[in-house]
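Down below is the structure, laid out as structure tokens.
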Amino acid sequence: MTTKTASATPSPAIESVEQLYASFARGEKPKERWRIGTEHEKFVYSTADHHAPSYDEPGGIRALLGELEQFGWKPVFEGDKVIALSGDDGSVSLEPAGQFELSGAPLENLHQTCAETGRHLKQVKAVGEKLGIGFLGLGMWPDKTRADLPRMPKGRYGIMLDHMPRVGSLGLDMMLRTCTIQVNLDYASEADMAKKFRTSLALQPLATALFANSPFTEGKPNGMLSYRSHIWSDTDPHRTGMLPFVFEEGFGYERYAEYALDVPMYFVYREGRYIDAAGLSFRDFLKGELSVLPGETPTMDDWNDHLSTAFPEVRLKTFLEMRGADGGPWDSICALPALWVGLLYDDGALDAAWDVVKHWTMEEREALRTAVPRLALDAPIPGGGTLRDIAGEVLDIANAGLTARARLNGAGDSEAGFLDPLRAIVRSGKVPAQVLLDRYHGAWGQDVSRVYGEYSF
């Protein structure tokens, strides 16, 4: 989730809704300036007893942030608390229960992306060895109850944690017990954005299936392969989902802005603190009628904050965010951007990927989205068959897109090799969660704690 940092430049006041529409146009870039931003979260645990460390305890999250400063990271404060770090590799931030996130820098190719991931993981592992903490790559805590987990000292999280139970039964699980990998990609124009949005939204269930990695809740199988994905189905219907309007004729910046205006607010940030505006209307804010700030109207910073509180399967800011994947091991962090860059950053691949899904109806897309958390690649697709039947074809399209990009490393390797973990999944017929379940019912003797020894970074 977004971490707020102070800006020396006052944010422009919003004087018309046209400014909101235009905010997305500022993200337009020519193809040669398209970049790749990769975010990944991981669970932090004590190697002594597997508990999730609190912020202030000895060797806890504050200490972890402090120790990382030796690698050139600079602290970011909220009040007197360090709640994030900034540096050449982007930013390090905290999710609500201490899940540790790298929001990587915008990079030119996947070789750089995977190198960035490697640097970060080596740094946190070095600090972890000193502090007695480890890092787990899964989509959901396999053994923790909500009550087992700490809360991080970030003002926006307190507001969200209070509000979540009012609008859904699983929102607290989303905040406290899940981890994801996310990829942020650019677009050249409004039409290019719309085409990429439609294609990636329709194919997001395939990404969820390939990266499904959250089959346990509180020490036992939960009946799902991606419980993290299932959680979003009962988090907050006003700010989640498949966004049917994206597939309608004429979709563009204005339509997404109108959707975002109808997403209920969470907060307003003023003078270093978060003001609770949960459930209130940004449209009222535009009119100066927000009850918690009567007479005050929003700035563009307020709009950007608000955009970060919508959680659809694909999200638009000044770039597109792919949001369907569970957290996972090192190679999956490199594989997810490879999938989406291959599909979306080459015109031929984008056309071919859209051809795979363009005939699906909205009802069929919704049914697939609903089935995937439980069935993963076995989820039925429109027209017959399962996701498994198109997975290889889609990976071939991504491979062709990466090959056409021809971004080679020093050894002459293309980016296509980063798809290899996904090809192995399709060949085996088992997504990561199914492998975990096999281990649980076999070698682990139904002891989920064994996951710490085998699935830590």
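Residues are named by chain letter and number: chains run A, B, ... in the order of the structure tokens, numbers start at 1 in each chain, and ligands are numbered from 1 in the order shown.
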
Using only C-alpha atoms, find each residue of region 336-426 of chain A with at least one atom at most 8 Å away from an atom of region 194-205 of chain A; report its shortest atom-to-atom pair and that distance in Å (one decimal), sort the rows by chain and rising residue number, and return the result as a Markdown table.
| residue | atom | partner | partner_atom | distance |
| --- | --- | --- | --- | --- |
| A:Trp340 | CA | A:Ser200 | CA | 7.8 |
| A:Leu344 | CA | A:Lys196 | CA | 6.2 |
| A:Leu350 | CA | A:Lys196 | CA | 7.4 |
| A:Ala353 | CA | A:Thr199 | CA | 6.8 |
| A:Trp354 | CA | A:Thr199 | CA | 5.3 |
| A:Val357 | CA | A:Ala202 | CA | 6.5 |
| A:Lys358 | CA | A:Thr199 | CA | 7.9 |
| A:Arg365 | CA | A:Ala202 | CA | 6.7 |
| A:Leu368 | CA | A:Pro205 | CA | 6.9 |
| A:Arg369 | CA | A:Pro205 | CA | 5.6 |
| A:Val372 | CA | A:Pro205 | CA | 6.3 |

Can those selected residues be exported to a file as a PDB file, in the first residue's frame so that it contains N, CA and C atoms?
ATOM      1  N   TRP A 340       3.455 -10.138 -17.695  1.00  0.00           N
ATOM      2  CA  TRP A 340       2.697  -8.962 -18.121  1.00  0.00           C
ATOM      3  C   TRP A 340       3.464  -8.092 -19.103  1.00  0.00           C
ATOM      4  N   LEU A 344       1.857  -7.223 -22.707  1.00  0.00           N
ATOM      5  CA  LEU A 344       1.351  -5.857 -22.872  1.00  0.00           C
ATOM      6  C   LEU A 344       2.312  -4.881 -23.537  1.00  0.00           C
ATOM      7  N   LEU A 350       0.065  -8.044 -27.561  1.00  0.00           N
ATOM      8  CA  LEU A 350      -1.151  -7.476 -26.981  1.00  0.00           C
ATOM      9  C   LEU A 350      -2.371  -7.832 -27.828  1.00  0.00           C
ATOM     10  N   ALA A 353      -3.078 -11.569 -27.289  1.00  0.00           N
ATOM     11  CA  ALA A 353      -3.644 -11.846 -25.966  1.00  0.00           C
ATOM     12  C   ALA A 353      -5.114 -11.428 -25.915  1.00  0.00           C
ATOM     13  N   TRP A 354      -5.443 -10.289 -26.490  1.00  0.00           N
ATOM     14  CA  TRP A 354      -6.833  -9.839 -26.505  1.00  0.00           C
ATOM     15  C   TRP A 354      -7.698 -10.792 -27.319  1.00  0.00           C
ATOM     16  N   VAL A 357      -9.326 -13.608 -25.332  1.00  0.00           N
ATOM     17  CA  VAL A 357     -10.362 -13.346 -24.324  1.00  0.00           C
ATOM     18  C   VAL A 357     -11.470 -12.410 -24.788  1.00  0.00           C
ATOM     19  N   LYS A 358     -11.354 -11.828 -25.965  1.00  0.00           N
ATOM     20  CA  LYS A 358     -12.268 -10.747 -26.351  1.00  0.00           C
ATOM     21  C   LYS A 358     -13.707 -11.202 -26.520  1.00  0.00           C
ATOM     22  N   ARG A 365     -16.692 -13.690 -17.480  1.00  0.00           N
ATOM     23  CA  ARG A 365     -15.482 -13.205 -16.790  1.00  0.00           C
ATOM     24  C   ARG A 365     -15.673 -13.254 -15.277  1.00  0.00           C
ATOM     25  N   LEU A 368     -15.495 -16.831 -14.008  1.00  0.00           N
ATOM     26  CA  LEU A 368     -14.113 -17.305 -13.957  1.00  0.00           C
ATOM     27  C   LEU A 368     -13.393 -16.727 -12.749  1.00  0.00           C
ATOM     28  N   ARG A 369     -13.569 -15.446 -12.515  1.00  0.00           N
ATOM     29  CA  ARG A 369     -12.943 -14.806 -11.350  1.00  0.00           C
ATOM     30  C   ARG A 369     -13.388 -15.477 -10.053  1.00  0.00           C
ATOM     31  N   VAL A 372     -11.672 -19.217  -9.768  1.00  0.00           N
ATOM     32  CA  VAL A 372     -10.215 -19.376  -9.728  1.00  0.00           C
ATOM     33  C   VAL A 372      -9.640 -19.546  -8.322  1.00  0.00           C
TER      34      VAL A 372
END

Residue contacts of region 38-44 of chain A (6 Å, only C-alpha atoms) excluding same-chain residues fewer than 5 positions away, as a PyMOL selection string: chain A and resi 99-104+134-137+179-183

Take the residues just selected and output them with N, CA and C atoms as a JSON list (two decimals), in the first residue's frame.
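Final file, selection38.json:
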[["chain", "number", "residue", "atom", "x", "y", "z"],
["A", 99, "GLN", "N", 3.93, -6.89, 7.27],
["A", 99, "GLN", "CA", 4.41, -7.46, 6.02],
["A", 99, "GLN", "C", 5.35, -6.44, 5.38],
["A", 100, "PHE", "N", 6.45, -6.94, 4.84],
["A", 100, "PHE", "CA", 7.54, -6.08, 4.40],
["A", 100, "PHE", "C", 7.52, -5.99, 2.88],
["A", 101, "GLU", "N", 7.45, -4.78, 2.36],
["A", 101, "GLU", "CA", 7.26, -4.58, 0.92],
["A", 101, "GLU", "C", 8.41, -3.80, 0.29],
["A", 102, "LEU", "N", 8.88, -4.28, -0.84],
["A", 102, "LEU", "CA", 9.73, -3.48, -1.71],
["A", 102, "LEU", "C", 8.88, -2.99, -2.87],
["A", 103, "SER", "N", 8.77, -1.66, -3.00],
["A", 103, "SER", "CA", 8.17, -1.05, -4.19],
["A", 103, "SER", "C", 9.32, -0.60, -5.06],
["A", 104, "GLY", "N", 9.64, -1.41, -6.06],
["A", 104, "GLY", "CA", 10.84, -1.20, -6.83],
["A", 104, "GLY", "C", 10.81, 0.05, -7.69],
["A", 134, "GLY", "N", 13.15, -14.07, 9.98],
["A", 134, "GLY", "CA", 13.14, -14.66, 8.65],
["A", 134, "GLY", "C", 12.02, -14.06, 7.81],
["A", 135, "PHE", "N", 11.99, -14.44, 6.54],
["A", 135, "PHE", "CA", 11.04, -13.87, 5.59],
["A", 135, "PHE", "C", 10.41, -15.00, 4.78],
["A", 136, "LEU", "N", 9.08, -15.00, 4.75],
["A", 136, "LEU", "CA", 8.33, -16.11, 4.17],
["A", 136, "LEU", "C", 7.61, -15.64, 2.91],
["A", 137, "GLY", "N", 7.73, -16.41, 1.83],
["A", 137, "GLY", "CA", 7.10, -16.05, 0.56],
["A", 137, "GLY", "C", 5.84, -16.86, 0.29],
["A", 179, "CYS", "N", -0.17, -11.37, 1.47],
["A", 179, "CYS", "CA", 0.95, -10.77, 0.75],
["A", 179, "CYS", "C", 0.73, -10.97, -0.75],
["A", 180, "THR", "N", 1.23, -10.04, -1.55],
["A", 180, "THR", "CA", 1.04, -10.09, -2.99],
["A", 180, "THR", "C", 2.31, -9.70, -3.71],
["A", 181, "ILE", "N", 2.32, -9.99, -5.01],
["A", 181, "ILE", "CA", 3.29, -9.43, -5.94],
["A", 181, "ILE", "C", 2.49, -8.61, -6.94],
["A", 182, "GLN", "N", 3.00, -7.45, -7.31],
["A", 182, "GLN", "CA", 2.28, -6.54, -8.18],
["A", 182, "GLN", "C", 3.23, -5.97, -9.21],
["A", 183, "VAL", "N", 2.72, -5.70, -10.40],
["A", 183, "VAL", "CA", 3.52, -5.12, -11.47],
["A", 183, "VAL", "C", 2.85, -3.86, -11.98]]

Residues flagged helix (DSSP H, G or I) by DSSP in region 271-442 of chain A, as a PyMOL selection string: chain A and resi 282-286+300-307+330-344+347-357+362-378+387-405+415-428+432-441

Taking C-alpha atoms for each residue, export the selection above as a compact mmCIF listing (two decimals), in the first residue's frame.
# COMPACT_ATOMS: atom_id res chain seq x y z
CA PHE A 282 -15.13 12.57 -2.69
CA ARG A 283 -17.86 14.26 -4.74
CA ASP A 284 -18.94 16.08 -1.58
CA PHE A 285 -15.29 16.99 -0.97
CA LEU A 286 -15.16 18.61 -4.43
CA MET A 300 -4.46 16.76 -6.51
CA ASP A 301 -2.56 15.06 -3.68
CA ASP A 302 -5.92 14.23 -2.11
CA TRP A 303 -7.08 12.75 -5.43
CA ASN A 304 -3.93 10.64 -5.74
CA ASP A 305 -4.37 9.41 -2.17
CA HIS A 306 -7.96 8.52 -2.96
CA LEU A 307 -7.01 6.58 -6.09
CA TRP A 330 12.17 -15.39 -5.50
CA ASP A 331 11.59 -16.72 -9.03
CA SER A 332 7.91 -15.80 -8.96
CA ILE A 333 8.82 -12.19 -8.23
CA CYS A 334 10.67 -12.15 -11.55
CA ALA A 335 8.08 -14.26 -13.39
CA LEU A 336 5.06 -12.02 -12.79
CA PRO A 337 6.51 -8.94 -14.53
CA ALA A 338 7.77 -11.22 -17.29
CA LEU A 339 4.22 -12.42 -17.93
CA TRP A 340 2.70 -8.96 -18.12
CA VAL A 341 5.54 -7.22 -19.93
CA GLY A 342 5.50 -9.99 -22.52
CA LEU A 343 1.74 -9.64 -23.04
CA LEU A 344 1.35 -5.86 -22.87
CA ASP A 347 1.80 -4.67 -30.00
CA GLY A 348 1.61 -8.08 -31.64
CA ALA A 349 1.48 -9.87 -28.30
CA LEU A 350 -1.15 -7.48 -26.98
CA ASP A 351 -3.34 -8.10 -30.02
CA ALA A 352 -2.89 -11.88 -29.70
CA ALA A 353 -3.64 -11.85 -25.97
CA TRP A 354 -6.83 -9.84 -26.51
CA ASP A 355 -7.90 -12.29 -29.20
CA VAL A 356 -7.84 -15.07 -26.59
CA VAL A 357 -10.36 -13.35 -24.32
CA MET A 362 -18.96 -10.09 -18.58
CA GLU A 363 -20.93 -12.82 -16.86
CA GLU A 364 -18.37 -15.38 -18.02
CA ARG A 365 -15.48 -13.21 -16.79
CA GLU A 366 -17.13 -12.85 -13.39
CA ALA A 367 -17.75 -16.60 -13.17
CA LEU A 368 -14.11 -17.31 -13.96
CA ARG A 369 -12.94 -14.81 -11.35
CA THR A 370 -15.17 -16.50 -8.78
CA ALA A 371 -13.97 -20.02 -9.61
CA VAL A 372 -10.22 -19.38 -9.73
CA PRO A 373 -9.47 -19.02 -5.99
CA ARG A 374 -10.74 -22.58 -5.43
CA LEU A 375 -9.82 -24.28 -8.71
CA ALA A 376 -6.86 -22.30 -10.11
CA LEU A 377 -5.93 -23.77 -13.53
CA ASP A 378 -8.87 -26.18 -13.33
CA LEU A 387 -7.66 -22.22 -17.77
CA ARG A 388 -5.04 -24.91 -18.16
CA ASP A 389 -6.05 -25.19 -21.81
CA ILE A 390 -5.13 -21.58 -22.58
CA ALA A 391 -2.24 -21.17 -20.13
CA GLY A 392 0.37 -22.54 -22.51
CA GLU A 393 -0.94 -20.41 -25.38
CA VAL A 394 -0.82 -17.26 -23.26
CA LEU A 395 2.71 -18.04 -22.11
CA ASP A 396 3.71 -18.53 -25.74
CA ILE A 397 2.30 -15.10 -26.55
CA ALA A 398 4.22 -13.58 -23.63
CA ASN A 399 7.37 -15.37 -24.79
CA ALA A 400 6.95 -13.93 -28.28
CA GLY A 401 6.44 -10.46 -26.84
CA LEU A 402 9.59 -10.68 -24.73
CA THR A 403 11.58 -12.06 -27.64
CA ALA A 404 10.40 -9.21 -29.85
CA ARG A 405 11.51 -6.68 -27.20
CA GLU A 415 13.93 -11.71 -20.90
CA ALA A 416 11.92 -14.77 -21.95
CA GLY A 417 13.78 -17.03 -19.51
CA PHE A 418 11.96 -15.40 -16.62
CA LEU A 419 8.82 -17.22 -17.79
CA ASP A 420 10.40 -20.61 -17.08
CA PRO A 421 8.83 -21.05 -13.61
CA LEU A 422 5.38 -20.52 -15.13
CA ARG A 423 6.08 -23.00 -17.93
CA ALA A 424 7.10 -25.54 -15.28
CA ILE A 425 3.79 -25.02 -13.47
CA VAL A 426 1.79 -25.61 -16.65
CA ARG A 427 3.83 -28.71 -17.53
CA SER A 428 3.41 -30.18 -14.04
CA PRO A 432 2.27 -23.62 -6.03
CA ALA A 433 -0.62 -24.13 -3.60
CA GLN A 434 -1.15 -27.69 -4.81
CA VAL A 435 2.52 -28.43 -4.25
CA LEU A 436 2.17 -27.05 -0.72
CA LEU A 437 -0.85 -29.26 -0.07
CA ASP A 438 1.05 -32.29 -1.31
CA ARG A 439 3.83 -31.48 1.14
CA TYR A 440 1.31 -30.94 3.96
CA HIS A 441 -0.44 -34.27 3.41

Spatial neighbours of His50 (chain A), max dist 12 Å, only C-alpha atoms, sep filter under 5 positions, as a list in words: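 Listing them by chain and then by number gives Phe43, Val44, Tyr45, Gly132, Ile133, Gly134, Phe135, Leu136, Trp141, Pro142, Asp143, Lys144, Asp148, Leu149, Val448, Ser449, Arg450, Val451, Tyr452, Gly453 and Ser456 of chain A.
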
CA of Leu280 (chain A) and CA of Gly250 (chain A), how far apart in Å? 28.6 Å
